[in-house]
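J.: Take this structure first; my questions come after.
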Amino acid sequence: MNVACNTKETRRIRSMVCEPLTGVVLEIGFGTGLNLPHLPSSVTRLRAVDPLQKGRELAEERLAESPVAVDFVGLDGQSLELEDGSVDAALSTWTLCTIPDARAAVREVGRVLRPGGTFHFAEHGRAPDGKVRRWQDRLNGVQQRVACGCNLNRDIAAIIQEGGMTLTSLDMFYAKGDPKILGWTYRGTAQVTLSGVDQPSRSP
Ligand SMILES: C[S@@+](CC[C@H](N)C(=O)[O-])C[C@H]1O[C@@H](n2cnc3c(N)ncnc32)[C@H](O)[C@@H]1O
């Protein structure tokens, strides 16, 4: 994870996702802290959640160099130990593929976001091309076994909406340099769905 998720392309995507973050930010799936160097100075605190202790150890240098204070506030994005409305923004990069109940994690993000707060994400998932999709389905079991529960074929946009959020922007593309089954990327923002508000149409 520390190497595979730290390519030129993932760094480019991370910097786009992190750039608008401000205030107190929740990160689900902190991993090895690869987003830390991309956090803008407008972030005042990072509340990090991840079950993997080894990730924190590998993040040691990035944590020491980060100007943003980081609190580790729990192990499971599906059940956050945070008050309702207690963060300004939330961040998830390449994590909704792995959390067993990703919809529950999105619901939890929505619960802890302050009113009007935004969820910022970049995730890989279910591709639009039939041939790529068939390979994603075929190889999903193998991927889960070799990559700590990672799924190739999750429809991230649907998961976010079914988790009670409205997509406010969505860019989808094949990440450069990745095999297509891993590279289809959903990058965007979402906010808690207000009842009676329609979902915007998705691009492209
Ligand atoms: C592919 S790694 C991505 C790590 C990091 N977000 C990044 O961008 O480099 C997936 C991460 O999801 C974490 N994860 C797995 N289950 C989780 C859960 N229930 N709650 C929060 N994070 C979880 C894993 O421990 C791992 O750090």
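Please note that chains go A, B, ... in the order of the structure tokens, that every chain numbers its residues from 1, and that ligands are numbered from 1 in the order shown.
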Arg114 in chain A: which residues within 6 Å, counting only C-alpha atoms, same-chain residues fewer than 5 positions away excluded, as a PDB file with all heavy atoms, in the first residue's frame?
T.:
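Wrote it out as part02.pdb, contents follow:
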```pdb
ATOM      1  N   GLY A  85     -21.870  16.086  13.561  1.00  0.00           N
ATOM      2  CA  GLY A  85     -21.564  17.453  13.105  1.00  0.00           C
ATOM      3  C   GLY A  85     -20.246  18.003  13.604  1.00  0.00           C
ATOM      4  O   GLY A  85     -20.095  19.218  13.734  1.00  0.00           O
ATOM      5  N   SER A  86     -19.270  17.144  13.883  1.00  0.00           N
ATOM      6  CA  SER A  86     -18.050  17.633  14.556  1.00  0.00           C
ATOM      7  C   SER A  86     -16.873  17.885  13.618  1.00  0.00           C
ATOM      8  O   SER A  86     -15.821  18.309  14.088  1.00  0.00           O
ATOM      9  CB  SER A  86     -17.634  16.624  15.643  1.00  0.00           C
ATOM     10  OG  SER A  86     -17.420  15.350  15.072  1.00  0.00           O
ATOM     11  N   VAL A  87     -17.013  17.624  12.314  1.00  0.00           N
ATOM     12  CA  VAL A  87     -15.892  17.917  11.403  1.00  0.00           C
ATOM     13  C   VAL A  87     -16.382  18.793  10.245  1.00  0.00           C
ATOM     14  O   VAL A  87     -17.546  18.781   9.876  1.00  0.00           O
ATOM     15  CB  VAL A  87     -15.210  16.633  10.856  1.00  0.00           C
ATOM     16  CG1 VAL A  87     -14.694  15.751  11.977  1.00  0.00           C
ATOM     17  CG2 VAL A  87     -16.138  15.829   9.949  1.00  0.00           C
ATOM     18  N   ASP A  88     -15.435  19.557   9.686  1.00  0.00           N
ATOM     19  CA  ASP A  88     -15.788  20.478   8.589  1.00  0.00           C
ATOM     20  C   ASP A  88     -15.784  19.783   7.234  1.00  0.00           C
ATOM     21  O   ASP A  88     -16.475  20.222   6.303  1.00  0.00           O
ATOM     22  CB  ASP A  88     -14.773  21.636   8.546  1.00  0.00           C
ATOM     23  CG  ASP A  88     -14.806  22.442   9.826  1.00  0.00           C
ATOM     24  OD1 ASP A  88     -15.889  22.965  10.143  1.00  0.00           O
ATOM     25  OD2 ASP A  88     -13.774  22.535  10.519  1.00  0.00           O
TER      26      ASP A  88
END
```
J.: Residues of range 25-60 of chain A in strand (DSSP E) according to DSSP, as a list in words?
T.: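 DSSP on the backbone gives strand (DSSP E) at Val25, Leu26, Glu27, Ile28, Val43, Thr44, Arg45, Leu46, Arg47, Ala48 and Val49 of chain A.
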J.: Within 9 Å of ligand 1, counting only C-alpha atoms and all ligand atoms, which protein or nucleic acid residues do you find, written as a count of residues only?
T.: 51
J.: Pick out the closest residue to Gly116 in chain A from this set: A:Ala69, A:Met165, A:Leu39, A:Ala175. Count only C-alpha atoms.
T.: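 Of the candidates, the smallest distance to Gly116 in chain A is held by A:Met165.
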J.: I need the residue nearest Val112 in chain A from this list: A:Pro128, A:Val70, A:Ala89, A:Asp178. Use only C-alpha atoms for the distance.
T.: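 Residue with the minimum atom-to-atom distance to Val112 in chain A: A:Ala89.
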J.: Could you work out how far CA of Arg133 in chain A lies from CA of Arg103 in chain A, giving the answer in Å with one decimal?
T.: 20.9 Å
J.: Enumerate, as a VMD selection string, the complete set of residues in range 20-58 of chain A that a backbone-based DSSP assignment places in alpha helix (DSSP H).
T.: chain A and resid 53 to 58
J.: Store the residues picked out above in a file with all heavy atoms, as a compact mmCIF listing (two decimals), in the first residue's frame.
T.:
```
# COMPACT_ATOMS: atom_id res chain seq x y z
N GLN A 53 -2.44 -0.73 12.44
CA GLN A 53 -1.39 -0.10 13.25
C GLN A 53 -0.10 0.07 12.44
O GLN A 53 0.61 1.07 12.54
CB GLN A 53 -1.15 -0.96 14.50
CG GLN A 53 -0.01 -0.52 15.39
CD GLN A 53 -0.23 0.89 15.96
OE1 GLN A 53 -1.35 1.31 16.23
NE2 GLN A 53 0.87 1.64 16.12
N LYS A 54 0.19 -0.93 11.59
CA LYS A 54 1.42 -0.88 10.79
C LYS A 54 1.47 0.37 9.90
O LYS A 54 2.53 0.93 9.65
CB LYS A 54 1.49 -2.15 9.92
CG LYS A 54 2.73 -2.29 9.08
CD LYS A 54 3.91 -2.68 9.93
CE LYS A 54 5.20 -2.65 9.11
NZ LYS A 54 6.40 -2.62 9.95
N GLY A 55 0.28 0.81 9.44
CA GLY A 55 0.21 2.00 8.60
C GLY A 55 0.76 3.22 9.33
O GLY A 55 1.54 4.00 8.78
N ARG A 56 0.38 3.35 10.60
CA ARG A 56 0.86 4.50 11.40
C ARG A 56 2.36 4.47 11.54
O ARG A 56 3.02 5.50 11.52
CB ARG A 56 0.26 4.46 12.79
CG ARG A 56 -1.17 4.87 12.79
CD ARG A 56 -1.65 4.93 14.22
NE ARG A 56 -2.98 4.40 14.27
CZ ARG A 56 -3.71 4.32 15.35
NH1 ARG A 56 -3.22 4.74 16.50
NH2 ARG A 56 -4.93 3.85 15.31
N GLU A 57 2.90 3.25 11.72
CA GLU A 57 4.35 3.14 11.86
C GLU A 57 5.04 3.61 10.58
O GLU A 57 6.01 4.34 10.61
CB GLU A 57 4.73 1.68 12.17
CG GLU A 57 4.31 1.26 13.57
CD GLU A 57 4.35 -0.25 13.76
OE1 GLU A 57 5.14 -0.93 13.06
OE2 GLU A 57 3.59 -0.74 14.60
N LEU A 58 4.48 3.18 9.44
CA LEU A 58 5.09 3.57 8.16
C LEU A 58 4.89 5.07 7.89
O LEU A 58 5.60 5.65 7.07
CB LEU A 58 4.49 2.75 7.01
CG LEU A 58 4.89 1.27 7.01
CD1 LEU A 58 4.03 0.47 6.04
CD2 LEU A 58 6.36 1.10 6.66
```
J.: List the spatial neighbours of Asp155 in chain A as a ChimeraX atom specification - criterion: any atom at most 9 Å away, only C-alpha atoms, same-chain residues fewer than 5 positions off excluded.
T.: /A:124-127,160
J.: Convert the current residue selection to file output with all heavy atoms, as a PDB file, in the first residue's frame.
T.:
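Just written: part38.pdb:
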```
ATOM      1  N   HIS A 124     -10.989   3.875  -6.575  1.00  0.00           N
ATOM      2  CA  HIS A 124     -11.083   3.080  -7.803  1.00  0.00           C
ATOM      3  C   HIS A 124     -12.318   2.185  -7.693  1.00  0.00           C
ATOM      4  O   HIS A 124     -12.781   1.886  -6.585  1.00  0.00           O
ATOM      5  CB  HIS A 124      -9.806   2.253  -8.030  1.00  0.00           C
ATOM      6  CG  HIS A 124      -9.651   1.081  -7.120  1.00  0.00           C
ATOM      7  ND1 HIS A 124     -10.114  -0.176  -7.432  1.00  0.00           N
ATOM      8  CD2 HIS A 124      -9.106   0.973  -5.882  1.00  0.00           C
ATOM      9  CE1 HIS A 124      -9.831  -1.003  -6.445  1.00  0.00           C
ATOM     10  NE2 HIS A 124      -9.229  -0.335  -5.478  1.00  0.00           N
ATOM     11  N   GLY A 125     -12.851   1.776  -8.839  1.00  0.00           N
ATOM     12  CA  GLY A 125     -14.045   0.940  -8.764  1.00  0.00           C
ATOM     13  C   GLY A 125     -14.531   0.490 -10.118  1.00  0.00           C
ATOM     14  O   GLY A 125     -13.771   0.473 -11.096  1.00  0.00           O
ATOM     15  N   ARG A 126     -15.808   0.135 -10.129  1.00  0.00           N
ATOM     16  CA  ARG A 126     -16.458  -0.492 -11.285  1.00  0.00           C
ATOM     17  C   ARG A 126     -16.325   0.393 -12.527  1.00  0.00           C
ATOM     18  O   ARG A 126     -16.713   1.562 -12.524  1.00  0.00           O
ATOM     19  CB  ARG A 126     -17.932  -0.692 -10.930  1.00  0.00           C
ATOM     20  CG  ARG A 126     -18.723  -1.500 -11.905  1.00  0.00           C
ATOM     21  CD  ARG A 126     -20.045  -1.898 -11.234  1.00  0.00           C
ATOM     22  NE  ARG A 126     -20.892  -2.637 -12.147  1.00  0.00           N
ATOM     23  CZ  ARG A 126     -20.700  -3.926 -12.457  1.00  0.00           C
ATOM     24  NH1 ARG A 126     -19.702  -4.588 -11.928  1.00  0.00           N
ATOM     25  NH2 ARG A 126     -21.507  -4.533 -13.296  1.00  0.00           N
ATOM     26  N   ALA A 127     -15.767  -0.208 -13.592  1.00  0.00           N
ATOM     27  CA  ALA A 127     -15.501   0.533 -14.828  1.00  0.00           C
ATOM     28  C   ALA A 127     -16.731   0.534 -15.734  1.00  0.00           C
ATOM     29  O   ALA A 127     -17.608  -0.322 -15.595  1.00  0.00           O
ATOM     30  CB  ALA A 127     -14.318  -0.115 -15.548  1.00  0.00           C
ATOM     31  N   ILE A 160     -21.925   5.948  -2.564  1.00  0.00           N
ATOM     32  CA  ILE A 160     -21.990   7.248  -1.885  1.00  0.00           C
ATOM     33  C   ILE A 160     -23.443   7.728  -1.815  1.00  0.00           C
ATOM     34  O   ILE A 160     -23.914   8.197  -0.772  1.00  0.00           O
ATOM     35  CB  ILE A 160     -21.053   8.263  -2.589  1.00  0.00           C
ATOM     36  CG1 ILE A 160     -19.589   7.845  -2.345  1.00  0.00           C
ATOM     37  CG2 ILE A 160     -21.319   9.689  -2.097  1.00  0.00           C
ATOM     38  CD1 ILE A 160     -18.556   8.630  -3.114  1.00  0.00           C
TER      39      ILE A 160
END
```
J.: Show which residues sit within 12 Å of Gly117 in chain A, as a list in words. Count only C-alpha atoms, and ignore same-chain residues fewer than 5 positions away.
T.: Pro20, Leu21, Thr22, Gly23, Val24, Val25, Leu26, Asp84, Gly85, Ser86, Val87, Asp88, Ala89, Ala90, Leu91, Val109, Gly110, Arg111, Val112, Met165, Thr166, Thr168, Thr189, Ala190, Gln191, Val192 and Thr193 of chain A
J.: List the neighbours of Ile181 in chain A out to 7 Å using only C-alpha atoms; skip same-chain residues closer than 5 positions along the sequence, and give me the result as a list of chain:residue names.
T.: A:Val132, A:Trp135, A:Gln136, A:Leu152
J.: Using the selection just defined, write its residues with C-alpha atoms as an mmCIF file, in the first residue's frame.
T.:
```cif
data_model
loop_
_atom_site.group_PDB
_atom_site.id
_atom_site.type_symbol
_atom_site.label_atom_id
_atom_site.label_comp_id
_atom_site.auth_asym_id
_atom_site.auth_seq_id
_atom_site.Cartn_x
_atom_site.Cartn_y
_atom_site.Cartn_z
ATOM 1 C CA VAL A 132 -13.078 -4.422 -18.140
ATOM 2 C CA TRP A 135 -12.430 -8.982 -15.628
ATOM 3 C CA GLN A 136 -13.106 -6.951 -12.482
ATOM 4 C CA LEU A 152 -12.217 -4.159 -7.852
#
```
